[in-house]
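Colleague: After the structure tokens below, expect a handful of questions from me.
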There are 4 protein chains.
Amino acid sequence: MGGNSFGEAFRITTWGESHGKAIGVTVDGCPAGLELCEADIQAELDRRRPGQSIVTSPREEADRIEILSGVFNGRTTGTPISMLVQNVDVDPSKYESLRHTPRPGHADFTYEVKYGLRDWRGGGRSSARETIGRVAGGAIAKKLLSSQKIEILGHVIQVGGIIANKVTLDQIRENVEQNPVRCADMETAERMCQYIKKVQAEADSIGGIVEIIALSVPAGVGEPVFDKLDADLAKALMSIGSVKGVEIGVGFGCATMRGSEMNDPFVLREGVIVTETNNAGGILGGISNGMPIVCRIAVKPTPSIEKPQKTVDLAEKKETEIQIKGRHDPCICPRIVPVAEAMVALVLADHMLRGGFIPRTYR
Amino acid sequence: MGGNSFGEAFRITTWGESHGKAIGVTVDGCPAGLELCEADIQAELDRRRPGQSIVTSPREEADRIEILSGVFNGRTTGTPISMLVQNVDVDPSKYESLRHTPRPGHADFTYEVKYGLRDWRGGGRSSARETIGRVAGGAIAKKLLSSQKIEILGHVIQVGGIIANKVTLDQIRENVEQNPVRCADMETAERMCQYIKKVQAEADSIGGIVEIIALSVPAGVGEPVFDKLDADLAKALMSIGSVKGVEIGVGFGCATMRGSEMNDPFVLREGVIVTETNNAGGILGGISNGMPIVCRIAVKPTPSIEKPQKTVDLAEKKETEIQIKGRHDPCICPRIVPVAEAMVALVLADHMLRGGFIPRTYR
Amino acid sequence: MGGNSFGEAFRITTWGESHGKAIGVTVDGCPAGLELCEADIQAELDRRRPGQSIVTSPREEADRIEILSGVFNGRTTGTPISMLVQNVDVDPSKYESLRHTPRPGHADFTYEVKYGLRDWRGGGRSSARETIGRVAGGAIAKKLLSSQKIEILGHVIQVGGIIANKVTLDQIRENVEQNPVRCADMETAERMCQYIKKVQAEADSIGGIVEIIALSVPAGVGEPVFDKLDADLAKALMSIGSVKGVEIGVGFGCATMRGSEMNDPFVLREGVIVTETNNAGGILGGISNGMPIVCRIAVKPTPSIEKPQKTVDLAEKKETEIQIKGRHDPCICPRIVPVAEAMVALVLADHMLRGGFIPRTYR
Amino acid sequence: MGGNSFGEAFRITTWGESHGKAIGVTVDGCPAGLELCEADIQAELDRRRPGQSIVTSPREEADRIEILSGVFNGRTTGTPISMLVQNVDVDPSKYESLRHTPRPGHADFTYEVKYGLRDWRGGGRSSARETIGRVAGGAIAKKLLSSQKIEILGHVIQVGGIIANKVTLDQIRENVEQNPVRCADMETAERMCQYIKKVQAEADSIGGIVEIIALSVPAGVGEPVFDKLDADLAKALMSIGSVKGVEIGVGFGCATMRGSEMNDPFVLREGVIVTETNNAGGILGGISNGMPIVCRIAVKPTPSIEKPQKTVDLAEKKETEIQIKGRHDPCICPRIVPVAEAMVALVLADHMLRGGFIPRTYR
């Protein structure tokens, strides 16, 4: 049983390795009649691709998307949408020396044990390039959600010990794409940027925290008791490489709270039932309550660092040391933003279809 | 598409409401030939049931399990195992007054919106009694895992601002069931207990953090790129009512770490490849690496509190105030321990079957 | 991976053995707000139960259904509906002698090989009593479909070499429950009945053919290219014990037809597009076309016969002979009618929910 | 919820339209370490492609397969295998006139109703070109099965009223690819061929029957009570376009049989338990019994015929007449043989993985 599909009603299946011929995704379950073109997908891939800024990997990939099926005369037909991106800047030579020495913090060792062999070029399937399929599928999910007025915003709120100030939704909308760190607090963004460059100069990497907010999700979305909306968001986000924690609403902050603080009181605002606070992060009992959905993820420092590291030579079965050259992001947070947004969009599109909130066909 | 099944190869389907006739679960996919009796299940249910200590709800439920199918002459037959518990101490009268006033922090409002009607007695399906099915199914998963020498340990590590000291595995094994809080640090446990009673006396409730550790899981378990082991653990744990955050290994701590600190070096110990540290929490690239699997969950304060709270009367569509009587746990952490263990066991049993680590038939 | 669940959007999970404590089913995904009571289910179970006529097994089972969850104040709540029937007339003594000698045509041998052990009492899980879960789940599906004006009719059209004359829909509606064979052609029904009794007197059994028709299914139901409506009907019907063939529309008759005969011409009737003939049986390209859906199944003669039969003693590994006593139907066709109707109803309810033809909530 | 994936443990997801850019499939769940190259796939596609003989469509498609992922150094890596075929001979002009007039017997009408719009070029997704994905995925399944010594044989046994004589397994192995009809009885094959040409000359088409046999499947494969081996075979085969009936073993022949004839007696042959006859077609209670698995499918006459046919103009909503030009097979049976073999292989690979009969990794 492979694990390369995600979603029930809106389902993506991704495939492809870092240095293989191509990387792609098939989307099954997208309603017919949705306007869709390659530019819709490309815009999101451009936010994900390497080489986009001074703090990202210099690998040169235009990541041009091709839609191969499921779209006719500018509209989806209800049949599977297959998309792919050719791998271009493929240079496995830097990885040759690492064939037998698993990189600490990477999946080399576990893939080797699980499968008995692995495509060692650039991490193969476990490379961050795998997320192209997520972002491409997520772009369609976003298009679907925007037809329902749902908006998804992602931003970096912490890099190492540097924590962004509270920002407004408008600051997120306006500032995130204006700086290489994707932090909505422009001033802190600049400090984060300097810090990342410093860490990189020290042949090291750094972790951080990313927040994703979904606005205008109607109340009633989510399927208890296992496919709760927060449960599926947790799975979706934790399935992204480098993510080590997920929280909803106040998250771990709830540990020190009293019920009387935590419980969001119900009130009427212009005839609509809302909650006065949003500690719950928009989800109660696994079902959306109409308030903004708020998730945060802990992103570990990129495991690929130039500093020498201890490892074991699998062929010779002895301890050794490696130094990773290659092309890497010193902090993966900025590039995880579009990936995390995509995963949230996929969960919401899936659950809104499951719950009957989106029509099967746009006419 | 209902959401009441969990797992692929080892799959549970749960059903039942707080004040309905019974609560139960069907397990499909359990290998044949496993020794199993009701006492195996009962032992886990006894750890979950209300009324077990001074800090839990006084609802009187013996929660006697009945196995109705799938077991013959003391062994599983490979066919579905159906189990149920009768609801006995059913007293919906206290909930009658809350029929139209959703309790803050509860699922009353979202169920009402989603389904258009709801069983309002004791929270209906969204009650914590729903976890009986999880624990019963998890007990079989544990039995299966123990045949592979896998052990699962859960303990409370924080209640409000009170944080337990670091403990050894043996302290967890020995102490957790020796105090009502299920904290392995006996001294802190006592303080937590006093604190919970104080909070309760103040008509309030308090949150906390629970840790679950799985030992002896072989390397190679997990199915990238979506059904990663950590992704499914995140879903499993986040699907438990009251959980607002999940982390693996150092979790949110990774945000402030450098790659050179975070990466666990591979070393040889008695000929076996292990990692020197375990910041990853036993999972790399979504696949177990042979080290202990470590998860932590943030548990919110029980939403049912006696303090007056603001809400909206749905029938009259106006703001009002409620006071919740009923029978409630001032801190749900101690009782979430067996539930969280069950969910971890279910994920591991499922993934070990998917990966071919457990035989389909014990002969 | 167990195989005891069926359906995606409307999903049943069945459990239970012939001589275990009980037999049951959980329905997940039924919309909320549907009126439902035990009598709705009982009516269908009464059509399935043994002892109902001179040509069925004399096992005495009232097969009283209990609804344990998912219904509140006479309406479904959108949560799982658990139902069970206690086994009452349990007498495994007749099976004791067959413990080691698999009955030809039965699943004894294959269960033994697959699972390594089996509940040998009355066939255990492979008993026809397993279909109680199907019929109970199907009764809810029928209720759901009837809210959409869909009607499902089943009747026996052949027993051995005796073939019923063509009948009208009204004859099916009126006559099927008026004779023990469930044949809508009353005259032929009488002959079938006599023939079945003769076969039984000869310590033998006989096969037949059952037809199921679904009326008023709207056009557009079905999910190509694998979950086509006819594909899922084929699976559903072939999964019933004793069924060895499934056909849609003219079925195997198409082998000798020309395209010009087979193709159903589209015509306008009172402004509605229909087909002049219905060779397709209401399905084109895996999607309903608005015409009646017509399926037929080949039902093998009951394998339990009193005539001596050759088999192998598994314990002693030598050839031997057995004679089956027990309580059996000489022709299973009449009792398969409600089971086949249930399976068709389950497929249609599932696909209509998947396609958005049924609301998620009745208000 | 799309329906374009098939299988649980060995799962294919197909995509692509007749006149789109390409057609393809992703295989998820294939064990790692299996030797695989494009030639393995191409051999099967060559048996399926148009233009291969005098009785098939003259569309010129080389159908060259490209493997894009999941294979490294000639072996599968356990990650998804993505494959595609470019569409080359794309000429939608002949279909332009049919945009608003659904072809009788085709899916034009039902796709239009279901999706509200459709890719009308060559039938779009409902074209027989869709089966490229099935055959490519099935080729990998066959490779996997052949590592377990399982062989799958398909042959045409009836075209119109012409019925092949009984053949031996060796005749099937040797003769099927030696004549354009894929009938193992060479003499009848010649007559079938003449008949097909005659039918074509009459601007018509003809149906037939195809048989598929799987040899050396071990006993114990199949997952009752819904995912029975025969149930999944029925679904797999009925999901192929043009198939209107499926039978296992004696199939519809069982209707006129007595239990004493139908039941296959168990006997010992060289210490192995086999059945003396194989009326069951190798499956008892939904589980393989070690005997050859025998399926037959009814294939309808190709709906595309040159004879004038009645239909309705959807744009003008009035009755009209059409004549289909295009490029078509007068009898689809010969080309359905490799497709049906592929579907049987997919079901067996899936169930053997589910049942633990195939290792997760070849080392």
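All residue names refer to the structure tokens as shown: chains lettered A, B, ... in order, residues numbered from 1 in each chain, ligands numbered from 1 in order.
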Would you mind listing, as number ranges by chain, all residues of chain C that have at least one atom within 6 Å of chain D, where only C-alpha atoms are what counts?

Modeller: C: 3-4, 104-105, 107, 110, 113-114, 160-161, 204-208, 220, 223-227, 231-232, 234-235, 238-239, 244-248, 251-252, 254-259, 263-267, 284-285, 287, 289, 298, 300-301, 303, 310-312

Colleague: Just want the 7 Å neighbourhood of C:Arg48, counted on only C-alpha atoms, with same-chain residues fewer than 4 positions away dropped. Output as a PyMOL selection string.

Modeller: chain C and resi 44+335+338

Colleague: Which polymer residues have any atom within 12 Å of an atom of C:Thr76, counting only C-alpha atoms, with same-chain residues fewer than 4 positions away left out, as JSON, numbers by chain?

Modeller: {"B": [115, 116, 117, 118, 119], "C": [27, 28, 29, 30, 31, 32, 33, 34, 35, 36, 37, 38, 67, 68, 69, 70, 71, 72, 80, 81, 82, 140, 143, 144, 360, 361, 362, 363]}

Colleague: Keeping N, CA, C and O atoms, export the residues of the selection given above as a tab-separated table (two decimals), in the first residue's frame.

Modeller:
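And here's selection_31.tsv as it stands now:
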chain	number	residue	atom	x	y	z
B	115	TYR	N	-25.12	19.17	10.97
B	115	TYR	CA	-26.10	18.11	10.77
B	115	TYR	C	-27.55	18.59	10.81
B	115	TYR	O	-28.46	17.85	10.45
B	116	GLY	N	-27.77	19.81	11.30
B	116	GLY	CA	-29.14	20.32	11.33
B	116	GLY	C	-29.93	19.85	12.53
B	116	GLY	O	-30.96	20.41	12.87
B	117	LEU	N	-29.45	18.80	13.15
B	117	LEU	CA	-30.04	18.33	14.41
B	117	LEU	C	-28.93	17.58	15.14
B	117	LEU	O	-27.92	17.22	14.54
B	118	ARG	N	-29.11	17.37	16.43
B	118	ARG	CA	-28.07	16.62	17.14
B	118	ARG	C	-28.64	15.95	18.38
B	118	ARG	O	-29.65	16.40	18.93
B	119	ASP	N	-27.97	14.88	18.77
B	119	ASP	CA	-28.30	14.22	20.03
B	119	ASP	C	-27.62	15.06	21.12
B	119	ASP	O	-26.41	14.98	21.32
C	27	VAL	N	-23.34	1.62	9.66
C	27	VAL	CA	-23.49	2.45	8.47
C	27	VAL	C	-22.86	3.80	8.75
C	27	VAL	O	-23.25	4.47	9.71
C	28	ASP	N	-21.89	4.19	7.96
C	28	ASP	CA	-21.28	5.51	8.13
C	28	ASP	C	-21.52	6.32	6.87
C	28	ASP	O	-21.34	5.84	5.75
C	29	GLY	N	-21.93	7.55	7.06
C	29	GLY	CA	-22.13	8.43	5.91
C	29	GLY	C	-23.58	8.68	5.56
C	29	GLY	O	-23.87	9.37	4.59
C	30	CYS	N	-24.50	8.13	6.36
C	30	CYS	CA	-25.91	8.40	6.09
C	30	CYS	C	-26.22	9.86	6.44
C	30	CYS	O	-25.88	10.32	7.52
C	31	PRO	N	-26.84	10.59	5.53
C	31	PRO	CA	-27.20	11.98	5.82
C	31	PRO	C	-28.03	12.09	7.09
C	31	PRO	O	-28.74	11.16	7.46
C	32	ALA	N	-27.93	13.24	7.73
C	32	ALA	CA	-28.72	13.51	8.94
C	32	ALA	C	-30.13	13.90	8.55
C	32	ALA	O	-30.37	14.41	7.47
C	33	GLY	N	-31.05	13.63	9.46
C	33	GLY	CA	-32.42	14.11	9.28
C	33	GLY	C	-33.35	13.13	8.60
C	33	GLY	O	-34.54	13.43	8.42
C	34	LEU	N	-32.83	11.97	8.22
C	34	LEU	CA	-33.68	10.96	7.58
C	34	LEU	C	-34.53	10.27	8.64
C	34	LEU	O	-34.01	9.81	9.65
C	35	GLU	N	-35.83	10.16	8.40
C	35	GLU	CA	-36.67	9.43	9.35
C	35	GLU	C	-36.31	7.95	9.29
C	35	GLU	O	-36.21	7.37	8.21
C	36	LEU	N	-36.11	7.36	10.45
C	36	LEU	CA	-35.70	5.95	10.47
C	36	LEU	C	-36.11	5.30	11.78
C	36	LEU	O	-35.91	5.87	12.85
C	37	CYS	N	-36.66	4.10	11.68
C	37	CYS	CA	-36.95	3.34	12.89
C	37	CYS	C	-36.67	1.87	12.64
C	37	CYS	O	-36.42	1.45	11.51
C	38	GLU	N	-36.72	1.09	13.71
C	38	GLU	CA	-36.36	-0.32	13.57
C	38	GLU	C	-37.28	-1.07	12.62
C	38	GLU	O	-36.86	-2.00	11.93
C	67	ILE	N	-31.32	-1.01	16.83
C	67	ILE	CA	-30.49	0.15	16.44
C	67	ILE	C	-29.83	0.67	17.70
C	67	ILE	O	-30.51	1.00	18.67
C	68	LEU	N	-28.51	0.73	17.70
C	68	LEU	CA	-27.78	1.09	18.91
C	68	LEU	C	-27.25	2.52	18.91
C	68	LEU	O	-26.83	3.03	19.94
C	69	SER	N	-27.22	3.15	17.75
C	69	SER	CA	-26.65	4.50	17.69
C	69	SER	C	-27.08	5.21	16.42
C	69	SER	O	-27.61	4.58	15.50
C	70	GLY	N	-26.84	6.49	16.36
C	70	GLY	CA	-27.02	7.25	15.13
C	70	GLY	C	-28.43	7.69	14.82
C	70	GLY	O	-28.66	8.34	13.80
C	71	VAL	N	-29.39	7.33	15.68
C	71	VAL	CA	-30.77	7.76	15.48
C	71	VAL	C	-31.25	8.41	16.76
C	71	VAL	O	-31.03	7.88	17.85
C	72	PHE	N	-31.86	9.56	16.63
C	72	PHE	CA	-32.32	10.31	17.81
C	72	PHE	C	-33.69	10.91	17.49
C	72	PHE	O	-33.85	11.56	16.45
C	80	PRO	N	-22.55	7.48	12.92
C	80	PRO	CA	-22.69	6.10	12.48
C	80	PRO	C	-23.89	5.39	13.11
C	80	PRO	O	-24.16	5.55	14.30
C	81	ILE	N	-24.56	4.62	12.29
C	81	ILE	CA	-25.71	3.86	12.74
C	81	ILE	C	-25.28	2.42	12.94
C	81	ILE	O	-24.92	1.73	11.99
C	82	SER	N	-25.26	1.98	14.19
C	82	SER	CA	-24.87	0.60	14.49
C	82	SER	C	-26.11	-0.23	14.74
C	82	SER	O	-27.00	0.19	15.48
C	140	ILE	N	-31.53	0.90	4.97
C	140	ILE	CA	-31.35	2.36	5.14
C	140	ILE	C	-31.08	3.00	3.78
C	140	ILE	O	-31.62	4.07	3.47
C	143	LYS	N	-34.30	3.44	2.08
C	143	LYS	CA	-35.05	4.57	2.65
C	143	LYS	C	-34.56	5.88	2.03
C	143	LYS	O	-35.35	6.76	1.68
C	144	LEU	N	-33.26	5.99	1.94
C	144	LEU	CA	-32.62	7.18	1.37
C	144	LEU	C	-33.03	7.33	-0.10
C	144	LEU	O	-33.37	8.42	-0.56
C	360	ARG	N	-26.64	16.26	2.04
C	360	ARG	CA	-25.95	15.73	3.21
C	360	ARG	C	-26.83	15.78	4.45
C	360	ARG	O	-26.58	15.09	5.43
C	361	THR	N	-27.81	16.63	4.42
C	361	THR	CA	-28.68	16.82	5.57
C	361	THR	C	-30.10	17.09	5.10
C	361	THR	O	-30.30	17.91	4.21
C	362	TYR	N	-31.05	16.38	5.68
C	362	TYR	CA	-32.47	16.67	5.44
C	362	TYR	C	-32.94	17.58	6.56
C	362	TYR	O	-32.79	17.24	7.73
C	363	ARG	N	-33.47	18.70	6.22
C	363	ARG	CA	-33.94	19.60	7.28
C	363	ARG	C	-35.45	19.78	7.24
C	363	ARG	O	-36.06	19.54	6.24

Colleague: Excluding B:Asn165 and any residue of its chain fewer than 2 positions from it, enumerate the residues within 12 Å of it, using only C-alpha atoms, and give them as number ranges by chain.

Modeller: B: 155-158, 162-163, 167-168, 171-172, 183-189

Colleague: Could you save the residues just selected, with all heavy atoms, as a tab-separated table (two decimals), in the first residue's frame?

Modeller:
chain	number	residue	atom	x	y	z
B	155	HIS	N	2.47	9.26	29.46
B	155	HIS	CA	2.49	9.89	30.77
B	155	HIS	C	2.22	11.38	30.65
B	155	HIS	O	2.45	11.98	29.60
B	155	HIS	CB	3.81	9.63	31.51
B	155	HIS	CG	5.04	10.13	30.81
B	155	HIS	ND1	6.01	10.85	31.44
B	155	HIS	CD2	5.43	10.01	29.51
B	155	HIS	CE1	6.99	11.15	30.58
B	155	HIS	NE2	6.67	10.65	29.41
B	156	VAL	N	1.72	11.96	31.74
B	156	VAL	CA	1.44	13.40	31.77
B	156	VAL	C	2.73	14.12	32.16
B	156	VAL	O	3.37	13.78	33.16
B	156	VAL	CB	0.32	13.69	32.80
B	156	VAL	CG1	0.16	15.19	32.98
B	156	VAL	CG2	-0.98	13.04	32.35
B	157	ILE	N	3.13	15.09	31.36
B	157	ILE	CA	4.38	15.79	31.68
B	157	ILE	C	4.16	17.25	32.09
B	157	ILE	O	5.08	17.91	32.55
B	157	ILE	CB	5.39	15.73	30.50
B	157	ILE	CG1	4.83	16.42	29.25
B	157	ILE	CG2	5.80	14.29	30.22
B	157	ILE	CD1	5.87	16.54	28.14
B	158	GLN	N	2.94	17.71	31.92
B	158	GLN	CA	2.66	19.09	32.33
B	158	GLN	C	1.17	19.25	32.62
B	158	GLN	O	0.33	18.72	31.90
B	158	GLN	CB	3.08	20.07	31.23
B	158	GLN	CG	2.93	21.54	31.62
B	158	GLN	CD	3.54	22.50	30.60
B	158	GLN	OE1	4.37	22.11	29.79
B	158	GLN	NE2	3.15	23.76	30.65
B	162	ILE	N	2.69	23.59	35.83
B	162	ILE	CA	3.52	22.62	36.56
B	162	ILE	C	4.11	21.59	35.60
B	162	ILE	O	3.38	20.84	34.96
B	162	ILE	CB	2.68	21.88	37.64
B	162	ILE	CG1	1.97	22.90	38.53
B	162	ILE	CG2	3.57	20.95	38.45
B	162	ILE	CD1	1.03	22.27	39.54
B	163	ILE	N	5.43	21.57	35.53
B	163	ILE	CA	6.12	20.72	34.57
B	163	ILE	C	6.87	19.61	35.30
B	163	ILE	O	7.60	19.88	36.27
B	163	ILE	CB	7.11	21.57	33.73
B	163	ILE	CG1	6.33	22.66	32.97
B	163	ILE	CG2	7.90	20.69	32.77
B	163	ILE	CD1	7.21	23.67	32.26
B	167	VAL	N	12.10	12.02	33.38
B	167	VAL	CA	11.98	10.71	34.04
B	167	VAL	C	12.61	9.64	33.15
B	167	VAL	O	12.80	9.83	31.95
B	167	VAL	CB	10.50	10.33	34.29
B	167	VAL	CG1	9.90	11.19	35.40
B	167	VAL	CG2	9.68	10.45	33.01
B	168	THR	N	12.91	8.50	33.76
B	168	THR	CA	13.44	7.37	32.99
B	168	THR	C	12.27	6.53	32.48
B	168	THR	O	11.13	6.67	32.94
B	168	THR	CB	14.30	6.46	33.89
B	168	THR	OG1	13.45	5.94	34.91
B	168	THR	CG2	15.43	7.26	34.53
B	171	GLN	N	10.75	4.66	35.29
B	171	GLN	CA	9.84	5.47	36.12
B	171	GLN	C	8.46	5.56	35.48
B	171	GLN	O	7.45	5.52	36.17
B	171	GLN	CB	10.42	6.88	36.32
B	171	GLN	CG	11.49	6.94	37.40
B	171	GLN	CD	12.07	8.35	37.52
B	171	GLN	OE1	12.63	8.87	36.56
B	171	GLN	NE2	11.92	8.95	38.69
B	172	ILE	N	8.44	5.68	34.16
B	172	ILE	CA	7.13	5.73	33.50
B	172	ILE	C	6.40	4.41	33.72
B	172	ILE	O	5.24	4.36	34.13
B	172	ILE	CB	7.27	6.02	31.99
B	172	ILE	CG1	8.07	7.31	31.76
B	172	ILE	CG2	5.90	6.11	31.32
B	172	ILE	CD1	8.35	7.63	30.30
B	183	CYS	N	1.35	10.96	36.11
B	183	CYS	CA	2.63	11.63	35.91
B	183	CYS	C	3.70	10.71	36.50
B	183	CYS	O	3.55	10.21	37.62
B	183	CYS	CB	2.62	12.99	36.63
B	183	CYS	SG	4.23	13.80	36.61
B	184	ALA	N	4.78	10.49	35.76
B	184	ALA	CA	5.78	9.51	36.20
B	184	ALA	C	6.72	10.07	37.27
B	184	ALA	O	7.44	9.33	37.93
B	184	ALA	CB	6.59	9.02	35.00
B	185	ASP	N	6.69	11.40	37.43
B	185	ASP	CA	7.50	12.06	38.47
B	185	ASP	C	6.59	12.22	39.68
B	185	ASP	O	5.76	13.13	39.77
B	185	ASP	CB	7.95	13.42	37.88
B	185	ASP	CG	8.52	14.36	38.93
B	185	ASP	OD1	8.70	13.95	40.09
B	185	ASP	OD2	8.77	15.52	38.56
B	186	MET	N	6.73	11.28	40.64
B	186	MET	CA	5.76	11.15	41.72
B	186	MET	C	5.58	12.43	42.54
B	186	MET	O	4.47	12.75	42.97
B	186	MET	CB	6.15	10.00	42.66
B	186	MET	CG	6.02	8.62	42.04
B	186	MET	SD	4.32	8.20	41.53
B	186	MET	CE	3.64	7.57	43.06
B	187	GLU	N	6.66	13.13	42.72
B	187	GLU	CA	6.59	14.34	43.54
B	187	GLU	C	5.76	15.41	42.82
B	187	GLU	O	4.85	16.01	43.40
B	187	GLU	CB	8.01	14.85	43.77
B	187	GLU	CG	8.23	15.49	45.10
B	187	GLU	CD	9.72	15.75	45.31
B	187	GLU	OE1	10.55	14.91	44.82
B	187	GLU	OE2	10.06	16.78	45.89
B	188	THR	N	6.09	15.60	41.55
B	188	THR	CA	5.33	16.60	40.78
B	188	THR	C	3.87	16.15	40.64
B	188	THR	O	2.96	16.98	40.64
B	188	THR	CB	5.97	16.79	39.40
B	188	THR	OG1	7.36	17.06	39.58
B	188	THR	CG2	5.33	17.95	38.66
B	189	ALA	N	3.68	14.85	40.53
B	189	ALA	CA	2.32	14.32	40.41
B	189	ALA	C	1.46	14.80	41.55
B	189	ALA	O	0.30	15.21	41.37
B	189	ALA	CB	2.35	12.80	40.37

Colleague: Pick out each residue of stretch 247-327 of chain A that DSSP on the backbone tags as helix (DSSP H, G or I); I need them as a list in words.

Modeller: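 The helix (DSSP H, G or I) residues within stretch 247-327 of chain A come out as Gly251, Phe252, Gly253, Cys254, Ala255, Thr256, Gly259, Ser260, Glu261 and Met262 of chain A.
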
Colleague: I need the residues from that last selection saved to file as a compact mmCIF listing (two decimals), in the first residue's frame (with C-alpha atoms), if you can.

Modeller:
# COMPACT_ATOMS: atom_id res chain seq x y z
CA GLY A 251 -2.01 25.18 20.27
CA PHE A 252 0.51 24.27 22.96
CA GLY A 253 -0.44 27.49 24.70
CA CYS A 254 -3.60 25.74 25.92
CA ALA A 255 -1.55 23.68 28.37
CA THR A 256 -1.34 26.58 30.80
CA GLY A 259 -11.23 26.56 30.74
CA SER A 260 -12.61 29.98 31.56
CA GLU A 261 -9.86 31.58 29.46
CA MET A 262 -9.70 29.01 26.69

Colleague: Name the residues of stretch 125-360 of chain C that come out as strand (DSSP E or B) in a backbone DSSP run; write them as a PyMOL selection string.

Modeller: chain C and resi 151-159+162-163+206+208-215+223+225+227+243-248+258+266-269+272-275+283-284+287-288+293-299+309-313+318-322

Colleague: Could you check the closest approach to C:Glu177 for each of C:Arg47, C:Arg11, C:Arg191, C:Arg59 and tell me which residue wins, using only C-alpha atoms?

Modeller: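 Of the candidates, the smallest distance to C:Glu177 is held by C:Arg47.
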
Colleague: Go ahead and compute the interatomic distance for atom CA of C:Arg182 and atom CA of C:Pro334, in Å to one decimal.

Modeller: 5.3 Å

Colleague: What is the atom CA of B:Ala22 to atom CA of C:Val85 distance in Å?

Modeller: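 Those two atoms sit 14.3 Å apart.
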
Colleague: In Å to one decimal, how far is atom CA of A:Ala136 from atom CA of A:Gly74?

Modeller: 16.7 Å

Colleague: Which residue gives the smallest distance to B:Val294 among B:Ser57, B:Gln86, B:Asn278, B:Asn73, with only C-alpha atoms counted?

Modeller: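 So, comparing all the options, the nearest one is B:Asn278.
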